[in-house]
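The next block is upload39.csv, given as CSV, C-alpha atoms and all ligand atoms.
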```csv
chain,number,residue,atom,x,y,z
B,1,MET,CA,106.4,94.1,100.0
B,2,LYS,CA,106.9,91.5,102.7
B,3,TYR,CA,108.4,88.1,101.7
B,4,VAL,CA,107.6,85.1,103.8
B,5,LEU,CA,108.8,81.5,103.9
B,6,ALA,CA,105.9,79.0,103.5
B,7,PRO,CA,105.3,76.2,106.0
B,8,LEU,CA,106.8,73.0,104.4
B,9,ALA,CA,106.5,69.8,106.3
B,10,ASP,CA,109.9,68.1,106.9
B,11,TYR,CA,111.8,71.1,105.7
B,12,THR,CA,111.0,74.4,107.6
B,13,ASN,CA,112.5,73.5,110.9
B,14,ALA,CA,114.3,76.0,113.0
B,15,ALA,CA,117.6,75.4,111.3
B,16,PHE,CA,116.2,76.3,107.8
B,17,ARG,CA,114.0,79.1,109.1
B,18,ARG,CA,117.0,80.8,110.7
B,19,LEU,CA,118.9,80.6,107.5
B,20,CYS,CA,116.0,82.1,105.5
B,21,HIS,CA,115.4,84.9,108.1
B,22,ARG,CA,119.1,85.8,107.8
B,23,LEU,CA,118.8,85.9,104.1
B,24,GLY,CA,115.8,88.3,104.1
B,25,ALA,CA,112.6,86.4,105.0
B,26,ASP,CA,110.3,88.8,106.9
B,27,LEU,CA,108.3,85.9,108.5
B,28,THR,CA,108.6,82.2,108.6
B,29,TYR,CA,106.3,79.3,109.6
B,30,THR,CA,106.8,76.1,111.5
B,31,GLU,CA,106.0,72.9,109.8
B,32,MET,CA,102.3,72.0,110.3
B,33,VAL,CA,101.8,70.8,113.9
B,34,SER,CA,99.0,68.4,114.7
B,35,ALA,CA,96.5,69.8,117.2
B,36,ALA,CA,95.3,66.2,118.0
B,37,ALA,CA,98.9,65.1,118.7
B,38,LEU,CA,99.4,68.0,121.0
B,39,ALA,CA,96.1,67.4,122.7
B,40,HIS,CA,97.0,63.7,123.2
B,41,GLY,CA,100.4,64.6,124.6
B,42,SER,CA,102.8,63.4,121.8
B,43,SER,CA,106.2,64.5,122.9
B,44,PRO,CA,107.9,64.3,119.4
B,45,THR,CA,105.3,66.7,118.0
B,46,ARG,CA,106.8,69.2,120.4
B,47,HIS,CA,110.1,69.0,118.6
B,48,LEU,CA,108.3,71.0,115.8
B,49,LEU,CA,107.7,73.8,118.3
B,50,GLU,CA,111.4,74.4,119.0
B,51,ILE,CA,112.8,77.7,117.8
B,52,MET,CA,116.5,78.8,117.8
B,53,PRO,CA,118.0,82.1,118.8
B,54,GLY,CA,118.3,84.6,115.8
B,55,GLU,CA,115.3,83.2,114.0
B,56,GLY,CA,113.2,86.4,113.7
B,57,PRO,CA,109.4,86.3,113.8
B,58,VAL,CA,107.9,82.8,113.5
B,59,SER,CA,104.3,81.9,113.1
B,60,CYS,CA,103.2,78.5,114.4
B,61,GLN,CA,101.0,76.6,112.0
B,62,ILE,CA,98.6,74.0,113.5
B,63,PHE,CA,96.3,71.6,111.7
B,64,GLY,CA,93.2,69.8,112.9
B,65,HIS,CA,89.4,69.9,112.5
B,66,VAL,CA,88.2,69.4,116.1
B,67,PRO,CA,87.6,72.8,117.7
B,68,ASP,CA,88.4,71.5,121.2
B,69,GLU,CA,91.7,70.1,120.1
B,70,LEU,CA,92.6,73.3,118.2
B,71,ALA,CA,91.7,75.3,121.3
B,72,PHE,CA,94.0,73.2,123.4
B,73,ALA,CA,96.8,73.6,120.8
B,74,ALA,CA,96.3,77.3,120.8
B,75,ARG,CA,96.6,77.5,124.6
B,76,GLU,CA,99.8,75.4,124.5
B,77,VAL,CA,101.4,77.3,121.6
B,78,THR,CA,100.5,80.7,123.2
B,79,ALA,CA,101.9,79.6,126.6
B,80,LEU,CA,105.3,78.9,125.0
B,81,GLY,CA,105.6,82.7,124.3
B,82,ARG,CA,107.8,82.0,121.2
B,83,PHE,CA,105.5,82.7,118.3
B,84,VAL,CA,104.2,85.9,116.7
B,85,SER,CA,100.9,84.3,115.5
B,86,ILE,CA,99.0,81.1,115.1
B,87,ASP,CA,98.1,79.9,111.6
B,88,LEU,CA,95.4,77.3,110.8
B,89,ASN,CA,96.2,75.0,107.9
B,90,ALA,CA,93.2,74.5,105.6
B,91,GLY,CA,94.9,73.6,102.4
B,92,CYS,CA,97.2,70.6,102.7
B,93,PRO,CA,96.1,68.0,100.1
B,94,MET,CA,98.2,65.0,101.3
B,95,PRO,CA,96.0,61.9,101.5
B,96,ARG,CA,96.8,61.1,105.2
B,97,ILE,CA,95.8,64.7,106.2
B,98,VAL,CA,92.7,64.9,104.0
B,99,GLN,CA,91.5,61.4,105.0
B,100,GLY,CA,91.6,62.5,108.6
B,101,GLY,CA,89.3,65.4,107.8
B,102,ASP,CA,92.1,68.0,108.1
B,103,GLY,CA,93.8,70.5,105.8
B,104,ALA,CA,92.3,70.7,102.3
B,105,ALA,CA,89.3,68.5,103.4
B,106,MET,CA,88.0,71.6,105.3
B,107,ILE,CA,87.9,73.8,102.2
B,108,ARG,CA,84.5,72.3,101.3
B,109,ASN,CA,83.2,73.3,104.7
B,110,PRO,CA,83.6,77.0,105.5
B,111,GLN,CA,81.3,76.7,108.6
B,112,LEU,CA,83.8,74.1,110.1
B,113,ILE,CA,86.7,76.5,109.4
B,114,HIS,CA,84.7,79.3,111.1
B,115,ASP,CA,84.2,77.1,114.2
B,116,CYS,CA,87.8,76.1,114.3
B,117,LEU,CA,89.1,79.6,114.0
B,118,LYS,CA,86.6,80.8,116.6
B,119,ALA,CA,87.9,78.1,119.0
B,120,ILE,CA,91.5,79.1,118.4
B,121,ARG,CA,90.7,82.8,118.8
B,122,SER,CA,89.0,82.1,122.1
B,123,GLU,CA,92.2,80.7,123.6
B,124,THR,CA,94.9,83.0,122.5
B,125,ASP,CA,95.7,86.7,122.4
B,126,LEU,CA,98.1,86.1,119.5
B,127,PRO,CA,97.0,87.2,116.0
B,128,VAL,CA,95.3,84.2,114.2
B,129,THR,CA,95.6,83.6,110.5
B,130,LEU,CA,94.2,81.2,107.9
B,131,LYS,CA,96.2,79.5,105.1
B,132,THR,CA,94.0,78.0,102.4
B,133,ARG,CA,93.4,77.6,98.7
B,134,VAL,CA,91.1,79.2,96.2
B,135,GLY,CA,88.8,76.2,96.4
B,136,PRO,CA,88.5,72.4,96.1
B,137,SER,CA,88.3,72.4,92.3
B,138,PRO,CA,87.7,74.8,89.4
B,139,ASP,CA,83.9,74.2,89.5
B,140,LYS,CA,83.9,75.2,93.2
B,141,VAL,CA,85.6,78.4,94.2
B,142,THR,CA,85.1,78.7,98.0
B,143,MET,CA,87.7,81.4,98.8
B,144,LEU,CA,85.2,84.2,99.5
B,145,GLU,CA,83.3,82.0,102.0
B,146,LEU,CA,86.7,81.1,103.6
B,147,LEU,CA,87.6,84.8,103.7
B,148,ASP,CA,84.3,85.5,105.4
B,149,ALA,CA,85.1,82.7,108.0
B,150,ALA,CA,88.4,84.4,108.7
B,151,GLU,CA,87.1,87.9,108.9
B,152,SER,CA,84.0,87.1,111.0
B,153,THR,CA,86.1,85.4,113.6
B,154,GLY,CA,88.5,88.3,113.9
B,155,CYS,CA,91.5,86.8,112.1
B,156,SER,CA,94.4,89.1,111.3
B,157,GLY,CA,95.2,87.8,107.8
B,158,ILE,CA,94.6,85.1,105.2
B,159,THR,CA,97.1,83.4,103.0
B,160,VAL,CA,95.8,82.0,99.7
B,161,HIS,CA,97.6,79.4,97.6
B,162,GLY,CA,96.3,80.2,94.1
B,163,ARG,CA,95.7,76.6,93.2
B,164,PHE,CA,92.7,74.3,93.7
B,165,THR,CA,93.0,71.3,95.9
B,166,SER,CA,92.5,69.2,92.8
B,167,GLN,CA,95.8,70.6,91.4
B,168,LYS,CA,97.8,69.6,94.5
B,169,HIS,CA,101.1,71.5,94.0
B,170,GLY,CA,101.2,71.7,90.2
B,171,GLY,CA,99.6,73.5,87.3
B,172,PRO,CA,98.7,77.2,86.9
B,173,VAL,CA,98.4,79.6,89.8
B,174,HIS,CA,95.2,81.6,89.5
B,175,LEU,CA,96.4,85.1,90.0
B,176,ASP,CA,93.0,86.5,88.8
B,177,LEU,CA,91.3,84.7,91.7
B,178,ILE,CA,93.9,86.0,94.2
B,179,ALA,CA,93.3,89.6,92.9
B,180,GLU,CA,89.5,89.0,93.3
B,181,LEU,CA,90.1,87.9,96.9
B,182,VAL,CA,92.2,91.0,97.6
B,183,ARG,CA,89.4,93.2,96.3
B,184,HIS,CA,86.9,91.7,98.8
B,185,ALA,CA,89.3,91.4,101.8
B,186,ARG,CA,89.3,93.7,104.8
B,187,ILE,CA,92.3,91.9,106.2
B,188,PRO,CA,95.8,91.6,104.7
B,189,VAL,CA,96.1,88.9,102.0
B,190,THR,CA,99.3,86.9,101.5
B,191,GLY,CA,99.7,85.4,98.0
B,192,ASN,CA,101.3,82.0,97.4
B,193,GLY,CA,102.1,79.7,94.6
B,194,GLY,CA,104.8,79.3,92.0
B,195,ILE,CA,107.1,82.2,93.0
B,196,SER,CA,110.6,81.5,91.9
B,197,ASP,CA,112.1,84.7,90.6
B,198,LEU,CA,111.5,88.5,90.1
B,199,PRO,CA,109.1,88.2,87.2
B,200,SER,CA,106.8,85.8,89.0
B,201,ALA,CA,107.0,87.9,92.2
B,202,GLU,CA,106.0,91.0,90.2
B,203,LEU,CA,103.0,89.3,88.7
B,204,MET,CA,101.9,88.2,92.2
B,205,ALA,CA,102.5,91.8,93.5
B,206,GLN,CA,100.1,93.1,90.9
B,207,THR,CA,97.2,91.2,92.5
B,208,GLY,CA,97.5,93.7,95.4
B,209,VAL,CA,98.6,91.2,98.1
B,210,ALA,CA,100.3,92.6,101.2
B,211,ALA,CA,102.9,89.8,101.3
B,212,ILE,CA,104.3,87.1,99.1
B,213,MET,CA,104.9,83.6,100.4
B,214,ILE,CA,107.5,81.4,98.8
B,215,GLY,CA,107.7,77.6,99.3
B,216,ARG,CA,109.7,75.2,97.1
B,217,ALA,CA,111.9,77.7,95.3
B,218,ALA,CA,113.4,78.7,98.7
B,219,LEU,CA,114.6,75.1,99.3
B,220,ALA,CA,117.5,75.4,96.9
B,221,SER,CA,117.8,79.2,96.9
B,222,PRO,CA,117.1,80.7,100.4
B,223,TRP,CA,118.7,84.0,99.3
B,224,LEU,CA,115.6,84.6,97.1
B,225,PHE,CA,113.9,86.6,99.8
B,226,GLY,CA,116.7,89.2,100.0
B,227,ASP,CA,117.1,89.3,96.2
B,228,LEU,CA,113.4,89.9,95.6
B,229,LYS,CA,113.3,92.7,98.2
B,230,ALA,CA,116.3,94.3,96.5
B,231,ALA,CA,114.8,93.6,93.0
B,232,ALA,CA,118.3,92.2,92.3
B,233,ASP,CA,119.3,90.4,89.0
B,234,PRO,CA,119.7,86.7,89.3
B,235,PRO,CA,123.2,85.7,90.5
B,236,SER,CA,125.9,84.8,88.0
B,237,GLN,CA,126.9,81.1,87.8
B,238,ASP,CA,130.0,81.7,90.0
B,239,GLU,CA,128.0,83.8,92.5
B,240,ARG,CA,125.3,81.1,92.6
B,241,LEU,CA,127.9,78.4,93.3
B,242,ALA,CA,129.4,80.5,96.1
B,243,ARG,CA,125.9,81.1,97.7
B,244,GLN,CA,125.0,77.4,97.5
B,245,ASN,CA,128.2,76.4,99.3
B,246,ALA,CA,127.6,79.0,101.9
B,247,ALA,CA,124.0,78.0,102.4
B,248,PHE,CA,125.0,74.3,102.7
B,249,SER,CA,127.6,75.1,105.4
B,250,GLU,CA,125.4,77.4,107.3
B,251,HIS,CA,122.4,75.1,107.1
B,252,LEU,CA,124.5,72.2,108.3
B,253,ALA,CA,125.9,74.2,111.2
B,254,ASN,CA,122.3,75.3,112.2
B,255,LEU,CA,121.2,71.6,112.1
B,256,ILE,CA,124.1,70.6,114.4
B,257,GLU,CA,123.0,73.3,116.9
B,258,LEU,CA,119.3,72.3,116.6
B,259,HIS,CA,120.2,68.7,117.2
B,260,ALA,CA,122.1,69.7,120.4
B,261,GLN,CA,119.0,71.7,121.5
B,262,LEU,CA,116.6,68.8,120.8
B,263,SER,CA,118.8,66.3,122.6
B,264,CYS,CA,119.0,68.6,125.6
B,265,ASN,CA,115.3,69.6,125.8
B,266,PHE,CA,113.9,66.1,125.0
B,267,PRO,CA,116.3,63.6,126.7
B,268,ASP,CA,113.7,60.9,126.8
B,269,ASP,CA,112.7,61.1,123.1
B,270,HIS,CA,115.5,59.1,121.5
B,271,VAL,CA,116.6,61.9,119.2
B,272,PRO,CA,118.7,60.1,116.5
B,273,PRO,CA,122.5,60.2,116.8
B,274,LEU,CA,123.9,63.4,115.1
B,275,GLY,CA,125.3,61.6,112.0
B,276,ASP,CA,121.9,59.9,111.2
B,277,TYR,CA,120.1,63.2,111.9
B,278,LEU,CA,122.3,65.2,109.6
B,279,LEU,CA,122.4,62.5,106.8
B,280,GLY,CA,118.6,62.5,106.8
B,281,PHE,CA,118.5,66.2,106.0
B,282,VAL,CA,121.4,66.0,103.5
B,283,ARG,CA,119.5,63.3,101.6
B,284,THR,CA,116.2,65.1,101.5
B,285,HIS,CA,117.0,68.8,101.5
B,286,LEU,CA,120.7,69.9,101.5
B,287,PHE,CA,121.6,68.1,98.4
B,288,HIS,CA,119.4,70.6,96.5
B,289,TYR,CA,122.2,73.1,97.0
B,290,PHE,CA,124.4,71.0,94.7
B,291,LYS,CA,121.8,70.5,92.0
B,292,GLY,CA,123.2,70.9,88.5
B,293,ARG,CA,126.8,70.3,89.5
B,294,PRO,CA,128.9,67.5,88.0
B,295,GLY,CA,128.9,64.5,90.2
B,296,VAL,CA,125.7,65.3,92.2
B,297,GLY,CA,124.0,62.0,91.2
B,298,GLU,CA,127.0,60.0,92.3
B,299,PHE,CA,127.2,62.1,95.5
B,300,ARG,CA,123.5,61.3,96.2
B,301,ARG,CA,123.9,57.6,95.6
B,302,HIS,CA,127.1,57.6,97.8
B,303,LEU,CA,125.1,59.1,100.7
B,304,ASN,CA,123.4,55.7,101.2
B,305,GLU,CA,126.8,54.2,102.2
B,306,ILE,CA,127.8,56.9,104.6
B,307,ARG,CA,127.7,55.9,108.2
B,308,THR,CA,129.6,58.5,110.2
B,309,LEU,CA,129.9,62.2,110.4
B,310,ALA,CA,133.5,62.0,109.2
B,311,ASP,CA,132.2,60.1,106.1
B,312,LEU,CA,129.7,62.8,105.5
B,313,HIS,CA,132.3,65.6,105.6
B,314,ALA,CA,134.6,63.6,103.3
B,315,ALA,CA,131.8,63.1,100.8
B,316,VAL,CA,130.7,66.8,100.9
B,317,GLU,CA,134.2,68.2,100.5
B,318,PRO,CA,134.6,67.5,96.8
B,319,MET,CA,131.0,68.8,96.1
B,320,LEU,CA,131.9,72.1,97.8
B,321,ASN,CA,135.0,72.4,95.7
B,322,ALA,CA,133.5,71.2,92.4
B,323,GLN,CA,133.4,73.8,89.7
B,324,TYR,CA,130.1,74.3,88.1
B,325,THR,CA,130.4,73.7,84.4
B,326,PRO,CA,127.2,74.6,82.6
B,327,ALA,CA,126.2,72.2,79.8
B,328,THR,CA,127.4,73.5,76.4
B,329,ARG,CA,124.7,73.4,73.7
N,1,LIG,C1,107.0,69.2,100.7
N,1,LIG,C2,105.9,70.2,101.0
N,1,LIG,C3,105.5,70.3,102.3
N,1,LIG,C4,104.4,71.2,102.6
N,1,LIG,N1,104.0,71.4,103.9
N,1,LIG,C5,103.0,72.3,104.2
N,1,LIG,C6,102.6,72.5,105.5
N,1,LIG,O1,103.2,71.9,106.5
N,1,LIG,N2,101.6,73.4,105.7
N,1,LIG,C7,101.0,74.1,104.7
N,1,LIG,O2,100.2,75.0,105.0
N,1,LIG,N3,101.4,73.9,103.4
N,1,LIG,C8,102.4,73.0,103.1
N,1,LIG,N4,102.8,72.9,101.9
N,1,LIG,C9,102.3,73.9,100.8
N,1,LIG,C10,103.2,75.1,100.8
N,1,LIG,O3,103.2,75.8,102.0
N,1,LIG,C11,102.8,76.0,99.6
N,1,LIG,O4,101.5,76.4,99.8
N,1,LIG,C12,103.0,75.3,98.3
N,1,LIG,O5,104.2,74.6,98.2
N,1,LIG,C13,102.8,76.4,97.1
N,1,LIG,O6,103.9,77.3,97.2
N,1,LIG,P1,105.2,77.2,96.2
N,1,LIG,O7,104.6,77.0,94.8
N,1,LIG,O8,105.9,78.4,96.4
N,1,LIG,O9,106.0,75.9,96.6
N,1,LIG,C14,103.8,72.0,101.5
N,1,LIG,C15,104.3,71.8,100.2
N,1,LIG,C16,105.3,71.0,99.9
N,1,LIG,C17,105.7,70.8,98.5
```

Let me see the file written as structure tokens.
Ligand SMILES: Cc1cc2nc3c(=O)[nH]c(=O)nc-3n(C[C@H](O)[C@H](O)[C@H](O)COP(=O)(O)O)c2cc1C
Amino acid sequence: MKYVLAPLADYTNAAFRRLCHRLGADLTYTEMVSAAALAHGSSPTRHLLEIMPGEGPVSCQIFGHVPDELAFAAREVTALGRFVSIDLNAGCPMPRIVQGGDGAAMIRNPQLIHDCLKAIRSETDLPVTLKTRVGPSPDKVTMLELLDAAESTGCSGITVHGRFTSQKHGGPVHLDLIAELVRHARIPVTGNGGISDLPSAELMAQTGVAAIMIGRAALASPWLFGDLKAAADPPSQDERLARQNAAFSEHLANLIELHAQLSCNFPDDHVPPLGDYLLGFVRTHLFHYFKGRPGVGEFRRHLNEIRTLADLHAAVEPMLNAQYTPATR
């Protein structure tokens, strides 16, 4: 079974992807990249297309609903020569995406998805894939039409998130529907939704998918990929603490390297100073590694007062040394 890291906007940049690859992810995805922004020459959008040495195979995910813009994006992405495939996002339920006619808005319109995939395929020799959902709502299951759009345009695979758009990112994952899709598919299916441990991965594997995609659970536990591949028992409390500390330090080091790369490659784009850049990620992502530890709430509040890199290191030091004391019941 292959295990892949899901595209997660604001999280799956090169720094985190490299960490997940080192810890066992077979494939990772960029955050979703706007085809319209690429077509209109937005330079900051290009930051999302940066990759780092040692990342392993990365697929570039693009979003949009205008075939010409997607074709332009496909040409640009292909010309970079960095990515193993191009993925079209037809599943994001965020209001700003759906209101623009992109992401999950397209699930109701398989013909549009067909036209978009065709436009992408016409401009690249990279494999093209589709990431979508089982349908817009329980009374409208469109996944087989979406599969047909992917297969008839020569796509190399389809990822299905086993939730309806109406569920956003919560509620049950419809494994029965994923299994039905697999039965119909002539291309490999990647299953996604709610995988956080070995039992949930085993249930997904029983649907017959060729690969399993993990999103949110990887944010705090990037070692999940390797553990699932090895069918390993969950780590002990002490082992978990050690892994969280190691992941924090490696993730931070990767971010420092990525910041240097962005500053060098985009000198006119006002990349934020290193301290601000790192703090942003510590507030939104890296503090997850300390979840459950004594003092994490105070640490998080304290982050608002931090101004310099030296302050950040001083605040992190006690968290790295804190002993995890599970609540006694
Ligand atoms: C914060 C966040 C950002 C996301 N960004 C993207 C994205 O850029 N592209 C995409 O196709 N899906 C995106 N998703 C959906 C995930 O890729 C995935 O399909 C979803 O989280 C279900 O998997 P999980 O239950 O393992 O988290 C995002 C989800 C979250 C929670």

10 Å contact set for range 96-105 of chain B, only C-alpha atoms, chain neighbours under 2 positions out, as a list in words:
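Using only C-alpha atoms, the neighbours found are Met32, Ser34, Ile62, Phe63, Gly64, His65, Val66, Leu88, Asn89, Ala90, Gly91, Cys92, Pro93, Met94, Ile107, Arg108, Asn109, Ile113, Lys131, Thr132, Arg133, Gly135, Pro136, Phe164, Thr165, Ser166 and Lys168 of chain B.
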
Store the residues picked out above in a file with C-alpha atoms, as a PDB file, in the coordinates of the input.
```pdb
ATOM      1  CA  MET B  32     102.300  72.000 110.300  1.00  0.00           C
ATOM      2  CA  SER B  34      99.000  68.400 114.700  1.00  0.00           C
ATOM      3  CA  ILE B  62      98.600  74.000 113.500  1.00  0.00           C
ATOM      4  CA  PHE B  63      96.300  71.600 111.700  1.00  0.00           C
ATOM      5  CA  GLY B  64      93.200  69.800 112.900  1.00  0.00           C
ATOM      6  CA  HIS B  65      89.400  69.900 112.500  1.00  0.00           C
ATOM      7  CA  VAL B  66      88.200  69.400 116.100  1.00  0.00           C
ATOM      8  CA  LEU B  88      95.400  77.300 110.800  1.00  0.00           C
ATOM      9  CA  ASN B  89      96.200  75.000 107.900  1.00  0.00           C
ATOM     10  CA  ALA B  90      93.200  74.500 105.600  1.00  0.00           C
ATOM     11  CA  GLY B  91      94.900  73.600 102.400  1.00  0.00           C
ATOM     12  CA  CYS B  92      97.200  70.600 102.700  1.00  0.00           C
ATOM     13  CA  PRO B  93      96.100  68.000 100.100  1.00  0.00           C
ATOM     14  CA  MET B  94      98.200  65.000 101.300  1.00  0.00           C
ATOM     15  CA  ILE B 107      87.900  73.800 102.200  1.00  0.00           C
ATOM     16  CA  ARG B 108      84.500  72.300 101.300  1.00  0.00           C
ATOM     17  CA  ASN B 109      83.200  73.300 104.700  1.00  0.00           C
ATOM     18  CA  ILE B 113      86.700  76.500 109.400  1.00  0.00           C
ATOM     19  CA  LYS B 131      96.200  79.500 105.100  1.00  0.00           C
ATOM     20  CA  THR B 132      94.000  78.000 102.400  1.00  0.00           C
ATOM     21  CA  ARG B 133      93.400  77.600  98.700  1.00  0.00           C
ATOM     22  CA  GLY B 135      88.800  76.200  96.400  1.00  0.00           C
ATOM     23  CA  PRO B 136      88.500  72.400  96.100  1.00  0.00           C
ATOM     24  CA  PHE B 164      92.700  74.300  93.700  1.00  0.00           C
ATOM     25  CA  THR B 165      93.000  71.300  95.900  1.00  0.00           C
ATOM     26  CA  SER B 166      92.500  69.200  92.800  1.00  0.00           C
ATOM     27  CA  LYS B 168      97.800  69.600  94.500  1.00  0.00           C
TER      28      LYS B 168
END
```

Counting only C-alpha atoms and all ligand atoms, the residue of B:Ser196, B:Gln261, B:Thr124, B:Ser156 that sits nearest ligand LIG 1 (chain N):
B:Ser196

Selection as a VMD selection string: residues within 7 Å of ligand LIG 1 (chain N) by only C-alpha atoms and all ligand atoms:
chain B and resid 6 to 10 31 to 32 89 91 to 92 131 161 169 192 to 195 213 to 217

Could you check which of B:Val134, B:Met1, B:Leu320, B:Leu255 is closest to Met204 in chain B, using all atoms listed in the file?
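The shortest atom-to-atom distance to Met204 in chain B comes from B:Met1.
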
Separation of CA of Glu55 in chain B and CA of His21 in chain B, in Å?
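Going from CA of Glu55 in chain B over to CA of His21 in chain B, I get 6.1 Å.
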
For CA of Thr30 in chain B and CA of Ile51 in chain B, quote the distance in Å rounded to one decimal.
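That distance, rounded to one decimal, is 8.8 Å.
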
Do a neighbour search on Arg293 in chain B at 12 Å with all atoms listed in the file, toss out local chain neighbours closer than 3 positions, and write the hits as a ChimeraX atom specification.
/B:237-238,240-241,244-245,287-290,296-300,318-327

Measuring atom to atom with all atoms listed in the file, identify which of B:Ala14, B:Ala150, B:Ala73, B:Ala211 is nearest to His47 in chain B.
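Ranked by minimum distance to His47 in chain B, first place goes to B:Ala14.
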
Nearest to Asp26 in chain B among B:Ala179, B:Leu278, B:Leu224, B:Leu144, with distances taken over only C-alpha atoms: which residue is it?
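Checking each candidate against Asp26 in chain B, we get B:Leu224 as the closest.
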
Counting all atoms listed in the file, which residue out of B:Leu258, B:Val128, B:Ala230, B:Ile178 sits closest to Leu198 in chain B?
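Ranked by minimum distance to Leu198 in chain B, first place goes to B:Ala230.
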
Could you complete range 83-95 of chain B so that it carries N, CA and C atoms, and give it back as a PDB file, in the frame of the given file?
```pdb
ATOM      1  N   PHE B  83     106.016  82.504 119.636  1.00  0.00           N
ATOM      2  CA  PHE B  83     105.500  82.700 118.300  1.00  0.00           C
ATOM      3  C   PHE B  83     104.792  84.048 118.151  1.00  0.00           C
ATOM      4  N   VAL B  84     104.833  84.610 116.933  1.00  0.00           N
ATOM      5  CA  VAL B  84     104.200  85.900 116.700  1.00  0.00           C
ATOM      6  C   VAL B  84     102.725  85.745 116.333  1.00  0.00           C
ATOM      7  N   SER B  85     102.342  84.549 115.877  1.00  0.00           N
ATOM      8  CA  SER B  85     100.900  84.300 115.500  1.00  0.00           C
ATOM      9  C   SER B  85     100.685  82.829 115.392  1.00  0.00           C
ATOM     10  N   ILE B  86      99.420  82.487 115.255  1.00  0.00           N
ATOM     11  CA  ILE B  86      99.000  81.100 115.100  1.00  0.00           C
ATOM     12  C   ILE B  86      98.247  81.011 113.753  1.00  0.00           C
ATOM     13  N   ASP B  87      98.650  80.043 112.925  1.00  0.00           N
ATOM     14  CA  ASP B  87      98.100  79.900 111.600  1.00  0.00           C
ATOM     15  C   ASP B  87      97.333  78.559 111.533  1.00  0.00           C
ATOM     16  N   LEU B  88      96.126  78.567 110.961  1.00  0.00           N
ATOM     17  CA  LEU B  88      95.400  77.300 110.800  1.00  0.00           C
ATOM     18  C   LEU B  88      95.577  76.828 109.344  1.00  0.00           C
ATOM     19  N   ASN B  89      95.997  75.581 109.199  1.00  0.00           N
ATOM     20  CA  ASN B  89      96.200  75.000 107.900  1.00  0.00           C
ATOM     21  C   ASN B  89      94.848  74.442 107.371  1.00  0.00           C
ATOM     22  N   ALA B  90      94.353  75.036 106.299  1.00  0.00           N
ATOM     23  CA  ALA B  90      93.200  74.500 105.600  1.00  0.00           C
ATOM     24  C   ALA B  90      93.464  74.422 104.152  1.00  0.00           C
ATOM     25  N   GLY B  91      94.527  73.685 103.821  1.00  0.00           N
ATOM     26  CA  GLY B  91      94.900  73.600 102.400  1.00  0.00           C
ATOM     27  C   GLY B  91      95.744  72.430 102.031  1.00  0.00           C
ATOM     28  N   CYS B  92      96.246  71.669 103.041  1.00  0.00           N
ATOM     29  CA  CYS B  92      97.200  70.600 102.700  1.00  0.00           C
ATOM     30  C   CYS B  92      96.396  69.431 102.024  1.00  0.00           C
ATOM     31  N   PRO B  93      96.843  69.021 100.817  1.00  0.00           N
ATOM     32  CA  PRO B  93      96.100  68.000 100.100  1.00  0.00           C
ATOM     33  C   PRO B  93      96.612  66.572 100.293  1.00  0.00           C
ATOM     34  N   MET B  94      97.595  66.389 101.195  1.00  0.00           N
ATOM     35  CA  MET B  94      98.200  65.000 101.300  1.00  0.00           C
ATOM     36  C   MET B  94      97.105  64.060 101.819  1.00  0.00           C
ATOM     37  N   PRO B  95      97.071  62.854 101.192  1.00  0.00           N
ATOM     38  CA  PRO B  95      96.000  61.900 101.500  1.00  0.00           C
ATOM     39  C   PRO B  95      95.856  61.653 103.027  1.00  0.00           C
TER      40      PRO B  95
END
```
